[in-house]
Structure formats: C-alpha cells, structure tokens
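Novice: Handing over my_file27.txt, compact mmCIF, C-alpha atoms and all ligand atoms.
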# COMPACT_ATOMS: atom_id res chain seq x y z
CA MET A 1 1.08 -12.33 0.26
CA LEU A 2 0.73 -16.08 0.52
CA LYS A 3 1.82 -17.79 -2.66
CA ILE A 4 0.19 -21.10 -3.48
CA ALA A 5 1.17 -23.26 -6.45
CA VAL A 6 -1.38 -25.79 -7.63
CA ILE A 7 -0.18 -28.66 -9.79
CA SER A 8 -2.81 -30.87 -11.34
CA PRO A 9 -3.20 -32.91 -14.51
CA ASN A 10 -6.84 -31.96 -14.72
CA LYS A 11 -7.87 -28.47 -15.79
CA ALA A 12 -11.33 -28.57 -14.24
CA ARG A 13 -10.02 -29.75 -10.87
CA MET A 14 -7.32 -27.11 -11.01
CA GLU A 15 -9.91 -24.39 -11.49
CA GLU A 16 -12.01 -25.84 -8.69
CA ILE A 17 -9.03 -25.72 -6.34
CA ARG A 18 -8.35 -22.12 -7.29
CA GLN A 19 -11.97 -21.20 -6.54
CA ILE A 20 -11.80 -22.87 -3.14
CA LEU A 21 -8.55 -21.13 -2.22
CA GLN A 22 -9.35 -17.74 -3.51
CA GLY A 23 -13.07 -17.08 -3.58
CA GLY A 24 -13.23 -13.34 -3.04
CA ASP A 25 -9.99 -13.32 -1.05
CA PHE A 26 -7.26 -11.59 -3.03
CA SER A 27 -4.67 -11.82 -0.30
CA ARG A 28 -3.55 -15.18 -1.68
CA GLN A 29 -1.73 -15.56 -4.92
CA VAL A 30 -2.72 -18.83 -6.59
CA LEU A 31 -0.63 -20.13 -9.48
CA LEU A 32 -1.86 -23.00 -11.61
CA PHE A 33 0.39 -25.55 -13.33
CA LYS A 34 -1.03 -28.23 -15.53
CA ASP A 35 0.63 -31.59 -15.08
CA GLY A 36 1.98 -33.90 -12.51
CA LEU A 37 4.71 -34.73 -10.07
CA ASP A 38 7.53 -34.03 -12.51
CA GLN A 39 6.63 -30.33 -12.39
CA LEU A 40 7.29 -30.08 -8.69
CA ALA A 41 10.96 -29.08 -8.62
CA LEU A 42 10.57 -26.77 -11.64
CA VAL A 43 7.72 -24.88 -10.02
CA ALA A 44 9.49 -24.62 -6.67
CA ASP A 45 12.67 -23.34 -8.32
CA LYS A 46 10.89 -20.72 -10.32
CA GLU A 47 8.17 -19.52 -8.00
CA HIS A 48 9.28 -20.28 -4.42
CA PRO A 49 5.70 -20.91 -3.32
CA ASP A 50 4.77 -20.98 0.38
CA ILE A 51 2.45 -23.89 -0.30
CA VAL A 52 2.37 -26.47 -3.08
CA ILE A 53 -0.89 -28.31 -3.63
CA LEU A 54 -0.24 -31.42 -5.63
CA ASP A 55 -3.16 -33.22 -7.16
CA VAL A 56 -1.99 -36.78 -7.79
CA ILE A 57 -3.71 -39.73 -9.33
CA SER A 58 -1.33 -42.55 -8.62
CA HIS A 59 0.24 -43.02 -5.24
CA GLY A 60 3.08 -45.47 -5.17
CA THR A 61 6.62 -45.68 -3.85
CA GLU A 62 8.02 -43.70 -6.76
CA GLU A 63 5.82 -40.75 -5.84
CA LEU A 64 6.85 -41.03 -2.21
CA LEU A 65 10.50 -40.88 -3.15
CA THR A 66 9.96 -37.69 -5.17
CA LEU A 67 8.05 -36.15 -2.28
CA GLU A 68 10.82 -36.99 0.15
CA GLN A 69 13.46 -35.42 -2.07
CA PHE A 70 11.29 -32.37 -2.54
CA GLY A 71 10.86 -31.93 1.23
CA GLN A 72 14.63 -32.00 1.70
CA HIS A 73 15.39 -29.58 -1.11
CA TYR A 74 12.62 -27.07 -0.53
CA PRO A 75 11.91 -26.85 3.19
CA GLY A 76 10.36 -23.40 2.62
CA SER A 77 7.42 -24.83 0.66
CA ALA A 78 4.72 -26.69 2.56
CA MET A 79 3.11 -29.52 0.63
CA ILE A 80 -0.50 -30.64 0.52
CA ILE A 81 -1.44 -33.74 -1.46
CA LEU A 82 -4.89 -34.15 -2.93
CA CYS A 83 -6.05 -37.66 -3.72
CA GLU A 84 -9.42 -39.29 -3.55
CA ASN A 85 -8.75 -42.74 -2.21
CA ALA A 86 -5.37 -42.88 -0.56
CA SER A 87 -4.59 -46.02 1.39
CA SER A 88 -3.67 -45.48 5.01
CA GLU A 89 -0.16 -46.75 4.21
CA PHE A 90 0.30 -44.04 1.60
CA LEU A 91 -1.07 -41.45 3.97
CA VAL A 92 1.34 -42.33 6.78
CA ALA A 93 4.31 -42.63 4.42
CA ALA A 94 3.51 -39.30 2.79
CA ILE A 95 3.31 -37.49 6.13
CA ARG A 96 6.66 -39.06 7.01
CA THR A 97 8.24 -37.46 3.96
CA GLY A 98 7.26 -34.09 5.36
CA VAL A 99 3.97 -33.61 3.53
CA LYS A 100 1.66 -31.51 5.71
CA ASP A 101 -1.65 -33.00 4.65
CA VAL A 102 -3.18 -35.66 2.43
CA LEU A 103 -6.84 -35.11 1.69
CA PRO A 104 -9.55 -35.50 -0.94
CA LEU A 105 -10.59 -32.46 -2.96
CA GLU A 106 -13.14 -31.05 -0.58
CA ALA A 107 -13.58 -27.33 0.05
CA VAL A 108 -13.75 -27.10 3.85
CA ALA A 109 -10.94 -29.59 4.47
CA LEU A 110 -8.67 -27.90 1.96
CA GLN A 111 -9.35 -24.41 3.29
CA GLU A 112 -8.64 -25.63 6.81
CA ALA A 113 -5.36 -27.24 5.77
CA VAL A 114 -4.19 -24.06 4.02
CA ARG A 115 -5.25 -21.91 6.97
CA ARG A 116 -3.25 -24.11 9.35
CA ILE A 117 -0.10 -23.65 7.29
CA GLU A 118 -0.80 -19.96 6.83
CA SER A 119 -1.06 -19.32 10.55
CA LYS A 120 2.27 -21.04 11.15
CA LEU A 121 3.94 -19.04 8.41
CA LYS A 122 2.89 -15.63 9.67
CA PRO A 123 5.22 -15.09 12.63
CA VAL A 124 8.21 -16.05 10.49
CA SER A 125 7.85 -13.05 8.22
CA THR A 126 9.60 -10.61 10.52
CA SER A 127 11.11 -8.64 7.65
CA GLN A 128 7.68 -7.16 6.99
CA LYS A 129 7.27 -3.51 7.77
CA MET A 130 4.29 -1.83 9.40
CA GLY A 131 4.35 1.35 7.42
CA LYS A 132 2.65 4.54 8.42
CA VAL A 133 -0.22 5.46 6.11
CA ILE A 134 -0.85 9.13 5.39
CA ALA A 135 -3.79 10.36 3.33
CA PHE A 136 -3.85 13.76 1.63
CA MET A 137 -7.22 15.26 0.80
CA ALA A 138 -7.88 18.50 -1.01
CA SER A 139 -10.67 20.50 0.60
CA LYS A 140 -11.19 22.03 -2.85
CA GLY A 141 -9.52 21.73 -6.22
CA GLY A 142 -6.20 23.53 -6.44
CA SER A 143 -5.48 23.47 -2.70
CA GLY A 144 -2.04 22.00 -3.29
CA ALA A 145 -2.73 18.53 -1.86
CA THR A 146 -1.01 16.69 -4.70
CA PHE A 147 1.99 19.00 -4.72
CA LEU A 148 2.45 18.60 -0.96
CA ALA A 149 1.88 14.82 -0.96
CA CYS A 150 4.42 14.16 -3.72
CA ASN A 151 7.04 16.47 -2.32
CA LEU A 152 6.66 15.29 1.24
CA GLY A 153 7.20 11.77 -0.11
CA TYR A 154 10.34 12.87 -1.92
CA ILE A 155 11.74 14.71 1.10
CA LEU A 156 11.01 11.80 3.44
CA ALA A 157 12.86 9.42 1.13
CA ALA A 158 15.72 11.81 0.35
CA THR A 159 16.45 13.04 3.86
CA ARG A 160 15.13 10.51 6.38
CA ASP A 161 16.42 7.18 5.15
CA VAL A 162 12.97 5.60 4.84
CA LYS A 163 11.28 3.71 2.04
CA VAL A 164 8.31 5.63 0.68
CA ALA A 165 5.43 4.79 -1.67
CA LEU A 166 3.05 7.35 -3.05
CA LEU A 167 -0.23 5.91 -4.26
CA ASP A 168 -2.24 8.18 -6.49
CA LEU A 169 -5.79 7.19 -5.58
CA ASN A 170 -7.36 10.24 -7.14
CA LEU A 171 -9.37 8.29 -9.68
CA GLN A 172 -10.82 11.33 -11.39
CA PHE A 173 -8.01 13.86 -11.52
CA GLY A 174 -4.92 11.77 -10.78
CA ASP A 175 -1.75 13.57 -11.80
CA ALA A 176 0.70 12.90 -8.96
CA ALA A 177 3.41 11.15 -10.99
CA LEU A 178 3.81 14.24 -13.17
CA PHE A 179 4.72 16.38 -10.15
CA VAL A 180 7.94 14.52 -9.43
CA SER A 181 8.88 12.76 -12.64
CA ASP A 182 8.98 13.38 -16.35
CA SER A 183 8.78 9.73 -17.33
CA VAL A 184 5.49 8.37 -18.55
CA PRO A 185 4.31 5.66 -16.15
CA SER A 186 4.37 2.29 -17.91
CA ASN A 187 1.87 0.88 -15.42
CA THR A 188 -0.82 2.51 -13.34
CA LEU A 189 -3.23 1.66 -10.56
CA SER A 190 -5.53 0.04 -13.14
CA ASP A 191 -2.81 -2.48 -14.15
CA VAL A 192 -2.36 -3.33 -10.50
CA ALA A 193 -6.12 -3.74 -10.08
CA SER A 194 -6.57 -5.93 -13.13
CA ASN A 195 -3.73 -8.22 -12.00
CA ILE A 196 -4.61 -8.13 -8.33
CA SER A 197 -4.39 -11.88 -7.84
CA ARG A 198 -0.72 -11.85 -8.74
CA LEU A 199 0.18 -8.64 -6.92
CA ASP A 200 3.27 -9.00 -4.79
CA ALA A 201 6.10 -6.73 -3.67
CA SER A 202 8.06 -6.97 -6.91
CA PHE A 203 5.02 -6.50 -9.12
CA LEU A 204 4.06 -3.42 -7.13
CA ALA A 205 7.58 -2.00 -7.29
CA SER A 206 7.81 -2.59 -11.03
CA SER A 207 4.47 -0.86 -11.58
CA MET A 208 5.74 2.33 -9.96
CA VAL A 209 7.61 5.29 -11.34
CA GLN A 210 10.86 5.10 -9.39
CA VAL A 211 11.72 8.68 -8.44
CA LEU A 212 14.50 7.65 -6.05
CA PRO A 213 15.71 4.15 -5.21
CA ASN A 214 13.59 4.42 -2.05
CA TYR A 215 10.69 6.44 -3.48
CA GLY A 216 8.14 5.01 -5.89
CA VAL A 217 4.95 6.57 -7.22
CA LEU A 218 2.05 4.47 -8.39
CA ALA A 219 0.22 6.59 -10.96
CA ALA A 220 -3.54 6.90 -11.18
CA PRO A 221 -5.41 5.34 -14.13
CA GLU A 222 -4.98 7.36 -17.29
CA ASP A 223 -8.70 7.77 -17.95
CA ALA A 224 -12.07 7.59 -16.25
CA GLU A 225 -13.07 4.43 -18.14
CA ARG A 226 -10.25 2.48 -16.52
CA SER A 227 -10.96 4.08 -13.15
CA VAL A 228 -14.36 2.41 -12.86
CA GLU A 229 -12.68 -0.99 -12.85
CA ILE A 230 -11.00 -0.15 -9.57
CA LYS A 231 -12.88 -1.64 -6.65
CA PRO A 232 -12.51 -1.18 -2.90
CA GLU A 233 -11.17 -4.78 -2.63
CA HIS A 234 -8.27 -3.82 -4.90
CA ILE A 235 -7.45 -0.81 -2.75
CA GLU A 236 -7.57 -3.01 0.35
CA VAL A 237 -5.06 -5.51 -1.02
CA LEU A 238 -2.83 -2.77 -2.43
CA ILE A 239 -2.59 -0.82 0.82
CA ARG A 240 -2.02 -3.92 2.92
CA LEU A 241 0.84 -4.92 0.68
CA ALA A 242 2.28 -1.40 0.48
CA LYS A 243 2.21 -1.13 4.29
CA SER A 244 4.18 -4.32 4.60
CA GLN A 245 6.86 -3.10 2.18
CA TYR A 246 7.28 0.64 2.82
CA ASP A 247 7.91 2.76 5.90
CA PHE A 248 5.55 5.41 4.61
CA VAL A 249 2.58 4.98 2.34
CA ILE A 250 1.32 8.37 1.20
CA MET A 251 -2.00 8.45 -0.59
CA ASP A 252 -3.34 11.26 -2.75
CA ILE A 253 -7.08 10.86 -2.33
CA GLY A 254 -8.18 14.02 -4.13
CA ARG A 255 -11.46 15.46 -2.98
CA THR A 256 -14.17 12.93 -3.83
CA LEU A 257 -15.41 10.53 -1.21
CA SER A 258 -16.37 7.20 -2.73
CA ALA A 259 -16.31 3.54 -1.75
CA THR A 260 -12.68 3.30 -2.87
CA SER A 261 -11.48 6.47 -1.18
CA VAL A 262 -13.24 5.51 2.05
CA LYS A 263 -11.50 2.14 1.90
CA ALA A 264 -8.18 3.99 1.62
CA LEU A 265 -9.04 6.34 4.47
CA ASP A 266 -9.87 3.33 6.67
CA HIS A 267 -6.19 2.45 6.53
CA ALA A 268 -4.90 5.97 7.14
CA ASP A 269 -3.07 6.71 10.38
CA MET A 270 -3.24 10.40 9.55
CA ILE A 271 -5.57 12.32 7.25
CA PHE A 272 -4.15 15.64 6.04
CA VAL A 273 -6.79 18.06 4.83
CA VAL A 274 -5.23 20.77 2.69
CA LEU A 275 -6.82 24.21 2.50
CA GLN A 276 -6.00 27.82 1.78
CA GLU A 277 -6.98 30.98 3.60
CA THR A 278 -9.96 32.06 1.52
CA LEU A 279 -13.59 31.57 2.39
CA PRO A 280 -14.45 28.91 -0.22
CA PHE A 281 -11.62 26.71 1.07
CA ILE A 282 -12.60 27.26 4.68
CA ARG A 283 -16.22 26.47 3.94
CA ASP A 284 -15.38 23.26 2.09
CA SER A 285 -12.90 22.23 4.77
CA LYS A 286 -15.60 22.55 7.39
CA ARG A 287 -17.85 20.32 5.31
CA LEU A 288 -15.09 17.81 4.69
CA ILE A 289 -14.10 17.62 8.36
CA HIS A 290 -17.74 17.12 9.26
CA THR A 291 -18.13 14.34 6.68
CA LEU A 292 -14.94 12.61 7.80
CA GLN A 293 -16.13 12.67 11.38
CA SER A 294 -19.54 11.34 10.46
CA LEU A 295 -17.78 8.51 8.64
CA GLY A 296 -16.27 7.62 11.99
CA TYR A 297 -12.72 8.95 11.65
CA ALA A 298 -11.49 10.26 14.96
CA LYS A 299 -10.72 13.95 15.23
CA ASP A 300 -7.15 13.27 16.27
CA LYS A 301 -6.57 11.48 12.98
CA ILE A 302 -7.49 14.58 11.00
CA HIS A 303 -4.79 17.21 10.53
CA LEU A 304 -5.20 20.54 8.83
CA ILE A 305 -2.57 21.98 6.52
CA LEU A 306 -2.96 25.60 5.54
CA ASN A 307 -1.21 26.00 2.21
CA ARG A 308 -0.05 29.22 0.53
CA TYR A 309 -0.33 30.94 3.87
CA ASP A 310 0.41 34.63 3.95
CA LYS A 311 0.59 36.19 7.40
CA GLY A 312 -0.67 39.52 6.17
CA GLY A 313 -3.81 38.06 4.57
CA ASP A 314 -7.40 39.18 5.17
CA ILE A 315 -8.31 36.23 7.32
CA GLN A 316 -6.39 35.52 10.50
CA LEU A 317 -5.11 32.06 11.35
CA ASP A 318 -6.93 32.17 14.71
CA ASP A 319 -10.22 32.82 12.98
CA ILE A 320 -9.76 29.88 10.64
CA GLU A 321 -8.93 27.60 13.56
CA GLU A 322 -11.94 28.81 15.46
CA THR A 323 -14.28 28.34 12.51
CA LEU A 324 -13.00 24.84 11.90
CA GLY A 325 -12.80 23.94 15.57
CA MET A 326 -9.27 22.62 15.13
CA LYS A 327 -5.70 23.82 15.44
CA MET A 328 -3.60 23.97 12.30
CA PHE A 329 -1.12 21.10 12.04
CA LYS A 330 1.14 23.09 9.75
CA THR A 331 1.15 26.22 7.66
CA ILE A 332 2.98 26.18 4.33
CA PRO A 333 4.16 29.49 2.91
CA ASN A 334 3.15 30.77 -0.48
CA SER A 335 6.03 30.54 -2.90
CA TYR A 336 4.66 31.06 -6.35
CA GLU A 337 7.81 31.02 -8.44
CA ALA A 338 9.55 28.06 -6.89
CA VAL A 339 6.42 25.91 -6.69
CA SER A 340 5.39 26.74 -10.27
CA ALA A 341 8.86 25.91 -11.55
CA SER A 342 8.85 22.59 -9.69
CA VAL A 343 5.35 21.68 -10.88
CA ASN A 344 5.94 22.77 -14.47
CA GLN A 345 9.21 20.87 -14.77
CA GLY A 346 7.95 17.84 -12.88
CA VAL A 347 10.93 18.03 -10.53
CA PRO A 348 10.61 17.85 -6.72
CA ILE A 349 10.98 21.30 -5.19
CA MET A 350 13.85 20.26 -2.92
CA LYS A 351 15.89 19.25 -5.93
CA ILE A 352 15.81 22.70 -7.50
CA TYR A 353 15.21 24.94 -4.47
CA LYS A 354 16.99 23.39 -1.55
CA HIS A 355 16.64 26.46 0.66
CA ASN A 356 13.16 27.50 -0.33
CA SER A 357 10.69 28.21 2.49
CA VAL A 358 8.28 25.49 1.28
CA THR A 359 11.13 22.96 1.12
CA LYS A 360 12.10 23.86 4.68
CA VAL A 361 8.62 23.40 6.11
CA LEU A 362 8.23 20.06 4.35
CA GLN A 363 11.59 18.99 5.80
CA GLU A 364 10.24 19.85 9.25
CA VAL A 365 7.12 17.77 8.62
CA ALA A 366 9.30 14.87 7.44
CA LYS A 367 11.38 15.18 10.57
CA ASN A 368 8.31 15.23 12.83
CA LEU A 369 6.92 12.16 11.11
CA THR A 370 10.12 10.18 11.53
CA THR A 371 10.94 11.15 15.08
CA ASP A 372 10.37 8.13 17.24
CA PRO A 373 7.32 8.79 19.44
CA LYS A 374 8.95 6.71 22.17
CA ALA A 375 11.86 9.13 22.18
CA LYS A 376 9.38 11.96 22.52
CA SER A 377 7.65 10.45 25.50
CA SER A 378 10.89 10.57 27.45
CA SER A 379 11.07 14.33 27.00
CA TRP A 380 9.62 14.97 30.45
CA LEU A 381 12.73 13.24 31.77
CA ASP A 382 14.93 15.53 29.68
CA SER A 383 13.14 18.57 31.03
CA LEU A 384 13.64 17.31 34.58
CA PHE A 385 17.35 17.13 33.99
CA GLN A 386 17.41 20.51 32.31
CA HIS A 387 15.86 22.08 35.40
CA ALA A 388 18.11 20.23 37.80
N1 LIG B 1 2.78 26.59 -1.36
C1 LIG B 1 2.47 26.94 -2.63
N2 LIG B 1 2.90 28.10 -3.13
C2 LIG B 1 2.58 28.47 -4.39
N3 LIG B 1 1.87 27.73 -5.24
C3 LIG B 1 1.40 26.56 -4.81
C4 LIG B 1 1.69 26.08 -3.48
N4 LIG B 1 1.13 24.86 -3.34
C5 LIG B 1 0.52 24.59 -4.51
N5 LIG B 1 0.68 25.59 -5.41
C6 LIG B 1 0.14 25.66 -6.78
O1 LIG B 1 -1.18 25.19 -6.78
C7 LIG B 1 -1.42 24.38 -7.91
C8 LIG B 1 -2.43 23.29 -7.57
O2 LIG B 1 -1.85 22.33 -6.73
P1 LIG B 1 -2.28 20.81 -6.71
O3 LIG B 1 -2.48 20.30 -8.08
O4 LIG B 1 -1.35 20.13 -5.82
O5 LIG B 1 -3.72 20.95 -6.01
P2 LIG B 1 -4.74 19.78 -5.61
O6 LIG B 1 -5.29 20.14 -4.29
O7 LIG B 1 -4.10 18.47 -5.75
O8 LIG B 1 -5.85 19.96 -6.72
P3 LIG B 1 -6.88 18.84 -7.30
O9 LIG B 1 -7.99 18.75 -6.32
O10 LIG B 1 -7.30 19.46 -8.61
O11 LIG B 1 -6.12 17.57 -7.46
C9 LIG B 1 -0.07 23.83 -8.29
O12 LIG B 1 0.03 23.72 -9.66
C10 LIG B 1 0.92 24.81 -7.74
O13 LIG B 1 1.42 25.61 -8.77
MG MG B 2 -4.48 16.86 -7.01
Go ahead and render the structure in this file as structure tokens.
Ligand SMILES: Nc1ncnc2c1ncn2[C@@H]1O[C@H](COP(=O)(O)OP(=O)(O)OP(=O)(O)O)[C@@H](O)[C@H]1O
Ligand SMILES: [Mg+2]
Specialist:
Amino acid sequence: MLKIAVISPNKARMEEIRQILQGGDFSRQVLLFKDGLDQLALVADKEHPDIVILDVISHGTEELLTLEQFGQHYPGSAMIILCENASSEFLVAAIRTGVKDVLPLEAVALQEAVRRIESKLKPVSTSQKMGKVIAFMASKGGSGATFLACNLGYILAATRDVKVALLDLNLQFGDAALFVSDSVPSNTLSDVASNISRLDASFLASSMVQVLPNYGVLAAPEDAERSVEIKPEHIEVLIRLAKSQYDFVIMDIGRTLSATSVKALDHADMIFVVLQETLPFIRDSKRLIHTLQSLGYAKDKIHLILNRYDKGGDIQLDDIEETLGMKMFKTIPNSYEAVSASVNQGVPIMKIYKHNSVTKVLQEVAKNLTTDPKAKSSSWLDSLFQHA
C-alpha cells in the first residue's frame, strides 16, 4: 500500500489534500501531520512514507537547504511541495534538490503528480507475493467447510513452507479462529474494516490470531451488528493486501452470497464447494454451482469436495458426480472421533492425529496445491523417458 505523509500548518488544507488523494480509494494510506518543515525528518524517520507532501508557506533559501538535506537522507521518500505562488527560481532550485514536483493545491495536478510517482514505485516492490486465493463455501450448514479451510491452512503452513492467511469472511456464522486456536482474537475483520485507511502488512498481521509463525487467522466480526459495517470495498483492499503478503489466502465464505462474499469470490483462483453425500447437500450444491456459474465464475474454478465420505453409503460417488455434472476434486473420509476432538479442543487435527485419514487427505491437497504447475507440465517428458 502506498503510504503518503501530508505535512501542513493548516488543518483545512490538510483535510482537502487527504480528500484529493483518497476519495473512495482505500489503496493509499494517507497520514496527516500538522505543522511545517521542521516535522519533515521526524515524520520520515517514524513512518518511512513513499511520498511526502509538504505544504509550505514561505519559500526561501533556508527551506531549500532543508529539502536538500532531506533528499540526501531519505532517498526512499519522494517529495511534492505545495505552494501557491512559487517564483520560478524557487521552483528550479527545489527540483534541483531532488523534489519531484512543486505545484499549487489543485486536485487534478496533485493526483497526476502522485500517480506519476506511484507508477515509478511499483516495479521496485519485487518482494511482493502473488498469493493463491482459495475460497471455501459450504453448500449447506454443517458441511465441514470451516473445519477443512482452517485445517488445510494449518497443514499448508506446517508442512509446505509457505506463508498462509485464513480470512474468516463468514459474516453471519464466523467461527474459524476457534477451530485452530483457543485464544480469543483481540482484533477481528471489523477492526480491519474500520481502520481500512491505515491497513498495511503489519496492521493485518497484528490483527490476526497467530496459529503458527507462518499461519495467521483473521477472525470474523463477533456479532451481526458489526458485520453490517463491512463493505465490499473493505474486502477488496484486504484481499489485495493479503495476496501481496501471503503465499496462500484461504477464505471461509460460509454459505450466503452477498455483495461482500461476491467481492471475495471475484479474487478467488479456486472455489471449493463442500458437500456431503446426502440428498439435501447434493440439492443445495447443485443450486450453488448454478448460482456461481450464473455469477460468471468459470466451471474450472469450481471444485467439489465431498466431506465425510463413506464408500458404503446409499448414494454412489458416480451418481453424485453425474447429478452435479462435475467430477469430485477430493473426497474426505468421515472420522467422527478425531474431527470432534480437534474441533472441540480448538486444535488442528494434524497436531493431535498425525496419522489420521482426514489429516492424510488434507496433506495430499496441500501437496497438490504447492506442486509447481510448471514442473507438472514437463511430465510428458518424464513419461517419454520412462518408456524409452
Ligand atoms: N471429515 C469429517 N469427519 C467427521 N466429522 C466432521 C468432518 N468434517 C466436519 N465434521 C464435523 O462437522 C461439524 C461442522 O463442520 P463446520 O463447522 O466446518 O461446517 P460448516 O460447513 O463450516 O458449517 P457452517 O455453514 O455452519 O459454517 C464439525 O463440528 C465437525 O465436528
Ligand atoms: Mg462454517
């Protein structure tokens, strides 16, 4: 997220600048500091902004000297100076000190100047990840979507050396954090949403329940009243940030489709629909698949997971696949005792039942998800050699 520090002696101008920079765009973090030039080094030291916008009244040689020193000490912060009637001498001298722009407070010009700097900054941030986003949806309540989402996250982090975030976006029945942790979340999705303009990687990390050093869970709001404050724009900013910081972003969507859950699904690379082998689940899965497709999600994005599968059951796997018009991505065995113990204790299943059948299947899924697709595409070569 682009961090912009605004320093101005005038509160009204400061607010105006913030409006111009932010509008409805939450992908920029704008920090306001009341006062003048003497704040510059303090702000840069503390906040490391990408851009400093300095609103100055006087423009003399003393100011130029400070600007020059600033440019030398903080090459990572680009500087824009706002002043209403700068002489051309001041303008030239300021640019010489390394200042990127000198302009009057005018919306279009300021937005343009920030955009120019922004576009130059982007390619530099190579440390950013492009995480894979996986959505879990329950075809019906009690399908096991939350259990599977949380435990897949844990297993990915514990066995595959990847950084994983689980976002509980089930605004009505969110309970994901409790499946893998016994600590009460100090922050939830609603704290993130209400502070969205200052959301960055460290704020996100500190809002999560840290299950492992590389596995964090962002809990859902504690009650429905706080859930209504969460808007699709918040989800958008949150997922964009999470993608840039984690290798896997797993989302527990629950089973309601709303403006916020659709926003989340828009970002999903894979949508896992969890069902069980009884008619009500199959019926609701069919409806859900249909709805997802009518929302424009491609069929190859949607993956079915048959949970609590029992080979000897009344309904055959083939029949379910035929009814739903899709192959099963994975079947997860029924394991009542182990799963109940894990869920009741709030401890990931792998931690207490390392060799359990559910643990094993989830390890397979984790392995599939982390196997480099490029490596896979060379498999025809391997098979050539095997036959030779
Ligand atoms: N493979 C399994 N074997 C045995 N029990 C299971 C299995 N998977 C899930 N369960 C049980 O099913 C219960 C419901 O699971 P979970 O809360 O994950 O469902 P959900 O789809 O998220 O439901 P909701 O829509 O209400 O959020 C769990 O408490 C767990 O005990
Ligand atoms: Mg759930």
Novice: Could you give me, as a tab-separated table, every range 168-196 of chain A residue with an atom at most 12 Å from range 125-149 of chain A, plus its closest atom pair and distance in Å to one decimal, counting only C-alpha atoms, rows ordered by chain then number?
Specialist:
residue	atom	partner	partner_atom	distance
A:Asp168	CA	A:Thr146	CA	8.8
A:Leu169	CA	A:Ala135	CA	9.7
A:Asn170	CA	A:Thr146	CA	9.4
A:Gln172	CA	A:Gly141	CA	11.7
A:Phe173	CA	A:Gly141	CA	9.6
A:Gly174	CA	A:Thr146	CA	8.7
A:Asp175	CA	A:Thr146	CA	7.8
A:Ala176	CA	A:Thr146	CA	6.0
A:Ala177	CA	A:Thr146	CA	9.5
A:Leu178	CA	A:Phe147	CA	9.9
A:Phe179	CA	A:Phe147	CA	6.6
A:Val180	CA	A:Phe147	CA	8.8
Novice: Pick out the residues sitting within 12 Å of His73 in chain A, and hand them over as JSON, numbers by chain; count all atoms listed in the file, and ignore anything fewer than 2 positions along from it in its own chain.
Specialist: {"A": [40, 41, 42, 44, 45, 48, 66, 67, 68, 69, 70, 71, 75, 76, 77, 78, 97, 98]}
Novice: Using all atoms listed in the file, determine which residues lie at most 12 Å from Leu110 in chain A, disregarding the query and same-chain residues fewer than 3 positions distant; provide the list as a ChimeraX atom specification.
Specialist: /A:16-22,53-55,79-83,100-107,113-117
Novice: Can you tell me how far atom MG of ligand MG 2 (chain B) sits from CA of Gly254 in chain A, in Å to one decimal?
Specialist: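 Atom-to-atom, atom MG of ligand MG 2 (chain B) and CA of Gly254 in chain A are spaced 5.5 Å apart.
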Novice: Which of these residues is nearest to Leu292 in chain A, using only C-alpha atoms: A:Glu63, A:Glu112, A:Asp266, A:Asp161?
Specialist: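 That would be A:Asp266, the residue with the smallest distance to Leu292 in chain A.
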Novice: May I ask which of the residues A:Ser183, A:Ser244, A:Thr291, A:Asn214 is the closest one to Arg160 in chain A, counting all atoms listed in the file?
Specialist: A:Asn214
Novice: Each side padded by 4 Å, which centre and which edge lengths in Å (one decimal) define the axis-aligned box around the listed atoms of ligand LIG 1 (chain B)? Give them as lines of an AutoDock Vina configuration file.
Specialist:
center_x = -2.5
center_y = 23.0
center_z = -5.5
size_x = 18.9
size_y = 18.9
size_z = 16.3
Novice: Between A:Val273, A:Val99, A:Ala366, A:Val358, which residue has the minimum interatomic distance to Ser342 in chain A, considering only C-alpha atoms?
Specialist: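 Ranked by minimum distance to Ser342 in chain A, first place goes to A:Val358.
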Novice: Using only C-alpha atoms for the distances, tell me which of A:Leu37, A:Val164, A:Leu152, A:Val343 is nearest to Val365 in chain A.
Specialist: A:Leu152
Novice: Using only C-alpha atoms and all ligand atoms, which residue out of A:Gln316, A:Gln293, A:Thr256, A:Thr61 lies closest to ligand MG 2 (chain B)?
Specialist: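 Distance minimum relative to ligand MG 2 (chain B) lands on A:Thr256.
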Novice: Just give me the gap between CA of Gly216 in chain A and CA of Val262 in chain A in Å, one decimal is fine.
Specialist: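 Rounded to one decimal, the two atoms are 22.8 Å apart.
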Novice: Give the answer as one residue: which of A:Phe281, A:Tyr74, A:Phe203, A:Tyr353 has the shortest atom-to-atom distance to Arg308 in chain A, using all atoms listed in the file?
Specialist: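 Once distances to Arg308 in chain A are computed over all atoms listed in the file, the minimum belongs to A:Phe281.
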Novice: In Å, how far is it from CA of Leu64 in chain A to CA of Phe33 in chain A?
Specialist: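 Going from CA of Leu64 in chain A over to CA of Phe33 in chain A covers 20.1 Å.
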Novice: Can you tell me, as a list of chain:residue names, what residues are no more than 8 Å from Tyr154 in chain A when counting all atoms listed in the file, ignoring any on the same chain fewer than 5 positions away?
Specialist: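 Counting only the stated atoms, we get A:Val164, A:Val211, A:Leu212, A:Tyr215, A:Pro348.
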Novice: Excluding Ile349 in chain A and any residue of its chain fewer than 6 positions from it, enumerate the residues within 7 Å of it, using all atoms listed in the file, and give them as a list in words.
Specialist: Asn151, Val339, Ser342 and Thr359 of chain A
Novice: Pick out the residues sitting within 10 Å of Lys367 in chain A, and hand them over as a ChimeraX atom specification; count only C-alpha atoms, and ignore anything fewer than 3 positions along from it in its own chain.
Specialist: /A:155-156,159-160,361-364,370-372
Novice: Any chance you could build range 173-183 of chain A out to N, CA and C atoms and write it as a CSV table (one decimal), keeping the file's coordinate frame?
Specialist:
chain,number,residue,atom,x,y,z
A,173,PHE,N,-8.9,12.8,-11.1
A,173,PHE,CA,-8.0,13.9,-11.5
A,173,PHE,C,-6.6,13.5,-11.2
A,174,GLY,N,-6.3,12.2,-11.2
A,174,GLY,CA,-4.9,11.8,-10.8
A,174,GLY,C,-3.8,12.3,-11.7
A,175,ASP,N,-2.9,13.0,-11.0
A,175,ASP,CA,-1.8,13.6,-11.8
A,175,ASP,C,-0.5,13.6,-11.0
A,176,ALA,N,-0.4,12.8,-9.9
A,176,ALA,CA,0.7,12.9,-9.0
A,176,ALA,C,2.1,12.6,-9.6
A,177,ALA,N,2.1,11.6,-10.4
A,177,ALA,CA,3.4,11.2,-11.0
A,177,ALA,C,4.1,12.3,-11.7
A,178,LEU,N,3.3,13.1,-12.4
A,178,LEU,CA,3.8,14.2,-13.2
A,178,LEU,C,4.5,15.3,-12.3
A,179,PHE,N,4.2,15.3,-11.0
A,179,PHE,CA,4.7,16.4,-10.2
A,179,PHE,C,6.2,16.1,-9.8
A,180,VAL,N,6.6,14.8,-9.9
A,180,VAL,CA,7.9,14.5,-9.4
A,180,VAL,C,8.7,13.7,-10.5
A,181,SER,N,8.2,13.6,-11.6
A,181,SER,CA,8.9,12.8,-12.6
A,181,SER,C,8.4,13.2,-14.0
A,182,ASP,N,9.4,13.1,-15.0
A,182,ASP,CA,9.0,13.4,-16.4
A,182,ASP,C,8.8,12.1,-17.2
A,183,SER,N,9.0,10.9,-16.5
A,183,SER,CA,8.8,9.7,-17.3
A,183,SER,C,7.3,9.3,-17.3
